[in-house]
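Peer 1: The following file, input01.cif, comprises mmCIF, C-alpha atoms:
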data_my_file
#
loop_
_atom_site.label_atom_id
_atom_site.label_comp_id
_atom_site.auth_asym_id
_atom_site.auth_seq_id
_atom_site.Cartn_x
_atom_site.Cartn_y
_atom_site.Cartn_z
CA MET A 1 18.98 -139.07 126.97
CA PHE A 2 16.08 -138.28 124.61
CA TYR A 3 14.72 -134.82 123.87
CA LEU A 4 10.94 -134.31 124.05
CA SER A 5 9.22 -131.65 121.94
CA SER A 6 6.45 -129.15 122.51
CA PHE A 7 4.37 -127.23 119.98
CA PRO A 8 6.75 -125.33 117.65
CA GLY A 9 6.77 -121.54 117.91
CA ILE A 10 5.19 -121.29 121.37
CA GLU A 11 8.39 -120.94 123.41
CA ALA A 12 7.57 -117.33 124.37
CA PHE A 13 4.19 -118.18 125.95
CA LYS A 14 4.58 -121.78 127.09
CA HIS A 15 3.05 -121.06 130.50
CA TRP A 16 -0.15 -119.83 128.85
CA VAL A 17 -0.34 -122.91 126.60
CA PHE A 18 -0.07 -125.08 129.71
CA ILE A 19 -3.34 -123.60 131.09
CA PRO A 20 -5.65 -125.70 128.81
CA PHE A 21 -3.49 -128.77 129.55
CA PHE A 22 -3.76 -128.03 133.28
CA LEU A 23 -7.56 -127.71 132.99
CA MET A 24 -7.77 -131.02 131.10
CA TYR A 25 -5.66 -132.74 133.77
CA LEU A 26 -7.77 -131.15 136.51
CA VAL A 27 -11.06 -132.35 134.98
CA ALA A 28 -9.66 -135.82 134.18
CA ILE A 29 -8.09 -136.49 137.60
CA SER A 30 -10.80 -134.89 139.77
CA GLY A 31 -13.64 -136.27 137.60
CA ASN A 32 -12.38 -139.86 137.62
CA CYS A 33 -11.57 -139.69 141.35
CA LEU A 34 -15.12 -138.41 141.99
CA ILE A 35 -16.61 -141.29 139.95
CA LEU A 36 -14.54 -143.81 141.95
CA MET A 37 -15.53 -142.20 145.25
CA ILE A 38 -19.23 -142.13 144.30
CA ILE A 39 -19.23 -145.82 143.32
CA LYS A 40 -17.32 -146.79 146.49
CA THR A 41 -19.60 -144.87 148.86
CA SER A 42 -22.96 -145.70 147.21
CA PRO A 43 -24.13 -149.27 148.00
CA ARG A 44 -26.77 -148.99 145.25
CA LEU A 45 -23.98 -148.73 142.69
CA HIS A 46 -22.21 -151.91 143.83
CA THR A 47 -23.27 -153.76 140.68
CA PRO A 48 -21.25 -155.27 137.77
CA MET A 49 -22.05 -152.35 135.44
CA TYR A 50 -20.66 -149.76 137.87
CA TYR A 51 -17.66 -151.92 138.79
CA LEU A 52 -16.79 -151.84 135.08
CA LEU A 53 -17.26 -148.06 135.09
CA SER A 54 -14.88 -147.79 138.06
CA LEU A 55 -12.34 -149.89 136.10
CA LEU A 56 -12.70 -147.42 133.19
CA ALA A 57 -12.16 -144.50 135.60
CA LEU A 58 -9.03 -146.17 137.04
CA THR A 59 -7.68 -146.69 133.50
CA ASP A 60 -8.35 -143.05 132.59
CA LEU A 61 -6.65 -141.96 135.81
CA GLY A 62 -3.59 -144.09 134.97
CA LEU A 63 -3.45 -142.68 131.42
CA SER A 64 -3.57 -139.09 132.72
CA MET A 65 -0.88 -139.73 135.35
CA SER A 66 1.39 -141.37 132.74
CA THR A 67 1.76 -138.19 130.69
CA LEU A 68 1.61 -135.67 133.56
CA PRO A 69 5.34 -135.63 134.62
CA THR A 70 6.84 -134.86 131.19
CA THR A 71 4.07 -132.42 130.19
CA VAL A 72 4.61 -130.41 133.38
CA SER A 73 8.43 -130.48 133.02
CA ILE A 74 8.23 -129.18 129.42
CA PHE A 75 5.54 -126.52 129.73
CA TRP A 76 6.27 -125.30 133.26
CA PHE A 77 9.98 -125.91 133.85
CA ASN A 78 11.15 -125.83 130.20
CA TYR A 79 13.01 -129.12 130.72
CA HIS A 80 12.87 -131.37 127.62
CA GLY A 81 15.31 -134.15 128.51
CA ILE A 82 14.27 -137.66 129.55
CA TYR A 83 16.55 -140.60 130.37
CA PHE A 84 16.03 -143.78 128.35
CA GLU A 85 14.85 -145.83 131.35
CA ALA A 86 12.26 -143.18 132.29
CA CYS A 87 11.15 -143.08 128.64
CA GLN A 88 10.74 -146.88 128.68
CA ILE A 89 8.59 -146.75 131.82
CA GLN A 90 6.44 -143.93 130.42
CA MET A 91 5.79 -145.61 127.06
CA PHE A 92 5.02 -148.89 128.85
CA CYS A 93 2.43 -147.12 131.05
CA ILE A 94 0.86 -145.12 128.19
CA HIS A 95 0.47 -148.15 125.88
CA SER A 96 -0.64 -150.44 128.74
CA PHE A 97 -3.41 -148.09 129.86
CA SER A 98 -4.49 -147.53 126.22
CA PHE A 99 -4.84 -151.30 125.70
CA MET A 100 -6.64 -151.57 129.06
CA GLU A 101 -9.13 -148.86 128.08
CA SER A 102 -9.88 -150.63 124.81
CA ALA A 103 -10.47 -153.92 126.68
CA VAL A 104 -12.67 -152.29 129.34
CA LEU A 105 -14.84 -150.70 126.62
CA LEU A 106 -15.18 -154.15 124.99
CA VAL A 107 -16.30 -155.77 128.28
CA MET A 108 -18.73 -152.88 128.87
CA SER A 109 -20.21 -153.42 125.39
CA PHE A 110 -20.74 -157.11 126.24
CA ASP A 111 -22.45 -156.02 129.47
CA ARG A 112 -24.83 -153.78 127.48
CA PHE A 113 -25.40 -156.58 124.92
CA VAL A 114 -26.48 -159.04 127.64
CA ALA A 115 -28.60 -156.38 129.43
CA ILE A 116 -30.60 -155.58 126.26
CA CYS A 117 -30.56 -158.85 124.28
CA HIS A 118 -30.86 -161.28 127.24
CA PRO A 119 -32.32 -159.22 130.13
CA LEU A 120 -33.75 -162.24 131.99
CA ARG A 121 -30.37 -163.98 132.07
CA TYR A 122 -28.35 -160.83 132.91
CA SER A 123 -27.96 -161.52 136.64
CA VAL A 124 -26.86 -165.10 135.89
CA ILE A 125 -24.32 -164.24 133.15
CA ILE A 126 -22.93 -160.96 134.53
CA THR A 127 -21.95 -161.61 138.15
CA VAL A 128 -19.59 -159.67 140.41
CA GLU A 129 -17.17 -162.64 140.54
CA ARG A 130 -17.01 -162.81 136.73
CA VAL A 131 -16.48 -159.05 136.48
CA ILE A 132 -13.54 -159.28 138.93
CA LYS A 133 -11.97 -162.15 136.93
CA ILE A 134 -12.47 -160.29 133.64
CA GLY A 135 -11.07 -157.13 135.24
CA LEU A 136 -7.87 -158.96 136.19
CA CYS A 137 -7.53 -160.30 132.62
CA VAL A 138 -8.08 -156.76 131.26
CA ILE A 139 -5.46 -155.30 133.61
CA LEU A 140 -2.86 -157.97 132.72
CA ARG A 141 -3.44 -158.25 128.95
CA GLY A 142 -1.74 -155.02 127.87
CA PRO A 143 1.30 -155.03 130.19
CA VAL A 144 2.11 -158.74 129.60
CA ALA A 145 1.89 -158.34 125.81
CA LEU A 146 4.02 -155.16 125.86
CA ILE A 147 6.93 -156.50 127.97
CA PRO A 148 8.92 -158.09 125.04
CA ILE A 149 9.00 -155.04 122.74
CA VAL A 150 9.64 -152.54 125.54
CA LEU A 151 12.53 -154.62 126.94
CA LEU A 152 13.99 -155.13 123.43
CA LEU A 153 14.37 -151.36 123.04
CA LYS A 154 17.12 -151.49 125.68
CA ALA A 155 19.26 -153.72 123.41
CA PHE A 156 19.14 -151.35 120.41
CA PRO A 157 21.80 -148.71 119.70
CA TYR A 158 20.44 -145.24 118.89
CA CYS A 159 22.01 -142.62 116.65
CA GLY A 160 21.32 -139.22 115.11
CA PRO A 161 19.44 -136.46 116.92
CA LEU A 162 17.47 -138.25 119.65
CA VAL A 163 14.48 -135.92 119.35
CA LEU A 164 10.93 -137.16 119.85
CA SER A 165 8.07 -135.17 118.30
CA HIS A 166 5.74 -135.36 121.35
CA SER A 167 5.86 -134.28 124.99
CA PHE A 168 5.85 -137.96 126.00
CA CYS A 169 7.43 -141.24 124.84
CA LEU A 170 5.67 -143.54 122.38
CA HIS A 171 7.07 -146.85 121.09
CA GLN A 172 6.44 -146.05 117.42
CA GLU A 173 8.62 -142.94 117.72
CA VAL A 174 11.50 -144.36 119.78
CA ILE A 175 11.85 -147.36 117.44
CA HIS A 176 12.51 -145.03 114.47
CA LEU A 177 15.63 -143.68 116.23
CA ALA A 178 17.29 -147.12 116.44
CA CYS A 179 20.28 -147.71 114.14
CA VAL A 180 19.61 -151.43 113.59
CA ASP A 181 16.99 -153.61 111.95
CA THR A 182 13.79 -153.33 114.00
CA THR A 183 11.57 -155.63 111.90
CA PHE A 184 10.56 -157.78 114.87
CA ASN A 185 9.48 -154.79 116.96
CA ASN A 186 7.57 -153.28 114.03
CA PHE A 187 5.82 -156.56 113.20
CA TYR A 188 5.11 -157.42 116.86
CA GLY A 189 3.79 -153.90 117.55
CA LEU A 190 1.49 -154.02 114.50
CA SER A 191 0.26 -157.52 115.43
CA LEU A 192 -0.39 -156.34 118.98
CA VAL A 193 -2.55 -153.43 117.76
CA VAL A 194 -4.45 -155.67 115.30
CA PHE A 195 -5.16 -158.47 117.80
CA THR A 196 -6.03 -156.20 120.73
CA VAL A 197 -7.35 -152.75 119.82
CA MET A 198 -8.64 -153.54 116.30
CA LEU A 199 -10.18 -156.84 117.43
CA ASP A 200 -11.80 -155.04 120.39
CA LEU A 201 -13.30 -152.47 118.00
CA VAL A 202 -14.70 -155.19 115.69
CA LEU A 203 -16.26 -157.04 118.65
CA ILE A 204 -17.74 -153.78 120.03
CA ALA A 205 -19.26 -153.06 116.59
CA LEU A 206 -20.66 -156.61 116.53
CA SER A 207 -22.20 -156.14 120.00
CA TYR A 208 -23.91 -152.94 118.84
CA ALA A 209 -25.17 -154.64 115.68
CA PHE A 210 -26.96 -157.23 117.88
CA ILE A 211 -28.17 -154.48 120.24
CA LEU A 212 -29.64 -152.44 117.35
CA TYR A 213 -31.29 -155.56 115.92
CA THR A 214 -32.89 -156.33 119.31
CA VAL A 215 -33.95 -152.71 119.90
CA ALA A 216 -35.51 -152.52 116.40
CA GLY A 217 -37.68 -155.53 117.28
CA LEU A 218 -39.23 -153.88 120.35
CA ALA A 219 -42.96 -153.12 120.15
CA SER A 220 -43.13 -149.36 120.73
CA GLN A 221 -40.85 -146.47 119.87
CA GLU A 222 -40.79 -145.42 123.53
CA GLU A 223 -39.39 -148.84 124.52
CA GLN A 224 -36.80 -148.61 121.76
CA ILE A 225 -35.60 -145.18 122.95
CA ARG A 226 -35.56 -146.28 126.61
CA ALA A 227 -33.55 -149.43 125.77
CA PHE A 228 -31.02 -147.61 123.60
CA GLN A 229 -30.59 -144.79 126.13
CA THR A 230 -28.90 -147.29 128.48
CA CYS A 231 -26.10 -147.54 125.87
CA THR A 232 -25.57 -143.86 125.03
CA SER A 233 -22.90 -143.21 127.70
CA HIS A 234 -20.88 -146.24 126.62
CA LEU A 235 -21.30 -145.44 122.92
CA CYS A 236 -20.01 -141.88 123.53
CA ALA A 237 -17.01 -143.31 125.46
CA VAL A 238 -16.27 -145.69 122.55
CA LEU A 239 -16.36 -142.82 120.01
CA VAL A 240 -14.26 -140.54 122.25
CA PHE A 241 -11.57 -143.23 122.52
CA PHE A 242 -11.50 -144.80 119.04
CA VAL A 243 -12.06 -141.73 116.79
CA PRO A 244 -8.90 -139.87 117.98
CA MET A 245 -6.97 -143.17 117.79
CA ALA A 246 -8.05 -143.61 114.15
CA GLY A 247 -7.11 -139.98 113.44
CA LEU A 248 -3.66 -140.45 114.98
CA SER A 249 -3.09 -143.67 112.99
CA LEU A 250 -4.08 -141.94 109.74
CA VAL A 251 -1.75 -139.00 110.46
CA HIS A 252 1.16 -141.37 111.22
CA ARG A 253 0.42 -143.47 108.10
CA PHE A 254 -0.46 -140.84 105.48
CA GLY A 255 0.55 -137.50 106.98
CA LYS A 256 4.33 -137.86 106.84
CA HIS A 257 4.61 -134.43 105.19
CA ALA A 258 2.08 -132.81 107.52
CA PRO A 259 3.36 -130.05 109.86
CA PRO A 260 4.72 -131.35 113.21
CA ALA A 261 1.95 -129.41 114.99
CA VAL A 262 -0.67 -131.74 113.38
CA HIS A 263 1.06 -134.86 114.75
CA LEU A 264 1.36 -133.23 118.17
CA LEU A 265 -2.27 -132.12 118.20
CA MET A 266 -3.62 -135.56 117.23
CA ALA A 267 -1.44 -137.36 119.82
CA ASN A 268 -2.51 -134.93 122.54
CA ILE A 269 -6.21 -135.27 121.65
CA TYR A 270 -5.87 -139.08 121.73
CA LEU A 271 -4.23 -139.16 125.18
CA PHE A 272 -5.83 -136.17 126.93
CA VAL A 273 -9.43 -135.99 125.68
CA PRO A 274 -10.87 -139.47 126.59
CA PRO A 275 -9.79 -139.33 130.29
CA MET A 276 -11.24 -135.81 130.50
CA LEU A 277 -14.55 -136.48 128.71
CA ASN A 278 -15.45 -139.94 130.09
CA PRO A 279 -16.31 -138.77 133.64
CA VAL A 280 -18.23 -135.80 132.15
CA ILE A 281 -20.20 -138.10 129.80
CA TYR A 282 -21.10 -140.58 132.55
CA SER A 283 -21.99 -137.80 135.00
CA ILE A 284 -24.39 -136.20 132.51
CA LYS A 285 -25.83 -139.24 130.73
CA THR A 286 -26.13 -141.79 133.59
CA LYS A 287 -29.03 -140.98 135.89
CA GLU A 288 -27.75 -143.02 138.86
CA ILE A 289 -24.28 -141.40 138.75
CA ARG A 290 -25.82 -137.93 138.37
CA ARG A 291 -28.11 -138.49 141.37
CA ALA A 292 -25.26 -139.91 143.46
CA ILE A 293 -23.02 -136.91 142.64
CA ILE A 294 -25.78 -134.42 143.57
CA LYS A 295 -26.45 -136.34 146.79
CA PHE A 296 -22.72 -136.54 147.58
CA LEU A 297 -22.09 -132.83 146.93
CA GLY A 298 -25.26 -131.88 148.83
CA PHE A 299 -24.17 -134.05 151.77
CA ARG A 300 -20.75 -132.40 151.80
CA LYS A 301 -22.37 -128.96 151.62
CA ASP A 302 -24.75 -129.76 154.51
CA ASN A 303 -21.83 -131.09 156.57
CA SER A 304 -19.75 -127.96 156.00
CA ALA A 305 -22.77 -125.76 156.91
CA SER A 306 -23.36 -127.75 160.11
CA TRP A 307 -19.65 -127.54 160.95
CA GLY A 308 -19.80 -123.75 160.49
CA GLU A 309 -22.88 -123.44 162.73
CA MET A 310 -21.20 -125.50 165.49
CA HIS A 311 -18.22 -123.15 165.46
CA HIS A 312 -20.49 -120.08 165.61
#
Please re-express this file's structure in structure tokens.

Peer 2:
Amino acid sequence: MFYLSSFPGIEAFKHWVFIPFFLMYLVAISGNCLILMIIKTSPRLHTPMYYLLSLLALTDLGLSMSTLPTTVSIFWFNYHGIYFEACQIQMFCIHSFSFMESAVLLVMSFDRFVAICHPLRYSVIITVERVIKIGLCVILRGPVALIPIVLLLKAFPYCGPLVLSHSFCLHQEVIHLACVDTTFNNFYGLSLVVFTVMLDLVLIALSYAFILYTVAGLASQEEQIRAFQTCTSHLCAVLVFFVPMAGLSLVHRFGKHAPPAVHLLMANIYLFVPPMLNPVIYSIKTKEIRRAIIKFLGFRKDNSASWGEMHH
């Protein structure tokens, strides 16, 4: 049994602290479900770009649902305990969906690169069949790579106070509580981050370097702005995901003497903010999604009005 932590010194008003968490969950879950519903019900959006967006929404939904059970049990029911097996499952889900999100953002950056740098060949290179195949690779990459280190945790003995500093289980925290040499897990975990998330980030940066070079070569400033505007939603999603991740890594690496609240805050921002902001960003910045949402909500409103008139 491990013991999960909440923000220190808030025991007296935990229920009030849960309100912002509840709002973040509400926006993340309802927003991503709405995006998925809009893409499913709008034939105009059945294109590779929007299939990738639906994959991002599914990933965000999975990330939100991974942390929901323990966050609710701590803040609402004041229950901090979690069995080792449940902790294993939660950390596997959290890290899997994080790796998936990184991979989806990489594929989306390639989609934008082809759309801007090779517009005439876009429909040939980016096909629905290829997107489905890439989507399957994205979904499998994280979980398959994580299986060895998550299963190895079961073989380790644990000693001392089994207290974790977050309201959810993370591999880098659980491994520190083991009483044996964990060099393999540490090295494998670091290699995994370098060859997945860090490599994804480098390739995304490379895609944007080519995009900027192509955009700079366009004849008029209006064309440049119009071309780059097709990337703004994705660029915001990249920043929203990778900036908190970098902040959390820096805090873990250099902030060992920082107050526990700082570690908690950075981890919560990293896991809660991207799933909440991504549907908001795409709803505001993407014209087709915005129109589809307005049409969908207007249709629902008209239906409810008609239903009311029939009853009267």

Peer 1: Need the shell around region 206-216 of chain A: protein/DNA/RNA residues with any atom at most 10 Å away, counting only C-alpha atoms. Skip same-chain ones fewer than 5 positions apart. Format as number ranges by chain?

Peer 2: A: 106, 109-118, 200-201, 221, 223-228, 231, 235

Peer 1: Counting only C-alpha atoms, figure out which residue out of A:Ser167, A:Cys159, A:Leu105, A:Cys137 gets nearest to Thr70 (chain A).

Peer 2: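 Smallest distance to Thr70 (chain A) is found for A:Ser167.
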
Peer 1: Which is closer to Val104 (chain A) than all the others in A:Leu136, A:Val280, A:Ala246, A:Leu170, using all atoms listed in the file?

Peer 2: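 The answer is A:Leu136, which sits nearest to Val104 (chain A).
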
Peer 1: For His263 (chain A), list every protein, DNA or RNA residue within 9 Å, evaluated using all atoms listed in the file, and leave out those in the same chain fewer than 6 positions away; present the list as JSON, numbers by chain.

Peer 2: {"A": [165, 166, 248, 251, 252, 255]}

Peer 1: Between A:Met1, A:Leu239, A:Leu45, A:Leu61, which has the minimum distance to Phe272 (chain A) (counting only C-alpha atoms)?

Peer 2: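 Comparing A:Met1, A:Leu239, A:Leu45, A:Leu61 against Phe272 (chain A), the winner is A:Leu61.
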
Peer 1: Which polymer residues have any atom within 10 Å of an atom of Asn32 (chain A), counting all atoms listed in the file, with same-chain residues fewer than 6 positions away left out, as a JSON list (two decimals) with C-alpha atoms, in the frame of the given file?

Peer 2:
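Writing the result to part.json gives the following:
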[["chain", "number", "residue", "atom", "x", "y", "z"],
["A", 26, "LEU", "CA", -7.77, -131.15, 136.51],
["A", 38, "ILE", "CA", -19.23, -142.13, 144.30],
["A", 53, "LEU", "CA", -17.26, -148.06, 135.09],
["A", 54, "SER", "CA", -14.88, -147.79, 138.06],
["A", 56, "LEU", "CA", -12.70, -147.42, 133.19],
["A", 57, "ALA", "CA", -12.16, -144.50, 135.60],
["A", 58, "LEU", "CA", -9.03, -146.17, 137.04],
["A", 59, "THR", "CA", -7.68, -146.69, 133.50],
["A", 60, "ASP", "CA", -8.35, -143.05, 132.59],
["A", 61, "LEU", "CA", -6.65, -141.96, 135.81],
["A", 275, "PRO", "CA", -9.79, -139.33, 130.29],
["A", 276, "MET", "CA", -11.24, -135.81, 130.50],
["A", 277, "LEU", "CA", -14.55, -136.48, 128.71],
["A", 278, "ASN", "CA", -15.45, -139.94, 130.09],
["A", 279, "PRO", "CA", -16.31, -138.77, 133.64],
["A", 280, "VAL", "CA", -18.23, -135.80, 132.15]]

Peer 1: Check what the PyMOL selection byres ((chain A and resi 130) around 12) selects in the file above and give those residues as a PDB file with C-alpha atoms, in the coordinates of the input.

Peer 2:
ATOM      1  CA  THR A  47     -23.270-153.760 140.680  1.00  0.00           C
ATOM      2  CA  PRO A  48     -21.250-155.270 137.770  1.00  0.00           C
ATOM      3  CA  MET A  49     -22.050-152.350 135.440  1.00  0.00           C
ATOM      4  CA  TYR A  51     -17.660-151.920 138.790  1.00  0.00           C
ATOM      5  CA  LEU A  52     -16.790-151.840 135.080  1.00  0.00           C
ATOM      6  CA  VAL A 107     -16.300-155.770 128.280  1.00  0.00           C
ATOM      7  CA  ASP A 111     -22.450-156.020 129.470  1.00  0.00           C
ATOM      8  CA  SER A 123     -27.960-161.520 136.640  1.00  0.00           C
ATOM      9  CA  VAL A 124     -26.860-165.100 135.890  1.00  0.00           C
ATOM     10  CA  ILE A 125     -24.320-164.240 133.150  1.00  0.00           C
ATOM     11  CA  ILE A 126     -22.930-160.960 134.530  1.00  0.00           C
ATOM     12  CA  THR A 127     -21.950-161.610 138.150  1.00  0.00           C
ATOM     13  CA  VAL A 128     -19.590-159.670 140.410  1.00  0.00           C
ATOM     14  CA  GLU A 129     -17.170-162.640 140.540  1.00  0.00           C
ATOM     15  CA  VAL A 131     -16.480-159.050 136.480  1.00  0.00           C
ATOM     16  CA  ILE A 132     -13.540-159.280 138.930  1.00  0.00           C
ATOM     17  CA  LYS A 133     -11.970-162.150 136.930  1.00  0.00           C
ATOM     18  CA  ILE A 134     -12.470-160.290 133.640  1.00  0.00           C
ATOM     19  CA  GLY A 135     -11.070-157.130 135.240  1.00  0.00           C
ATOM     20  CA  LEU A 136      -7.870-158.960 136.190  1.00  0.00           C
ATOM     21  CA  CYS A 137      -7.530-160.300 132.620  1.00  0.00           C
TER      22      CYS A 137
END

Peer 1: At what distance in Å, to one decimal, does CA of Leu68 (chain A) lie from CA of Tyr25 (chain A)?

Peer 2: 7.8 Å

Peer 1: Please expand the PyMOL selection byres ((chain A and resi 185-189) around 9) into the concrete residues it hits in this file, giving the result as a VMD selection string.

Peer 2: chain A and resid 146 148 to 150 152 to 153 171 to 172 175 182 to 184 190 to 194
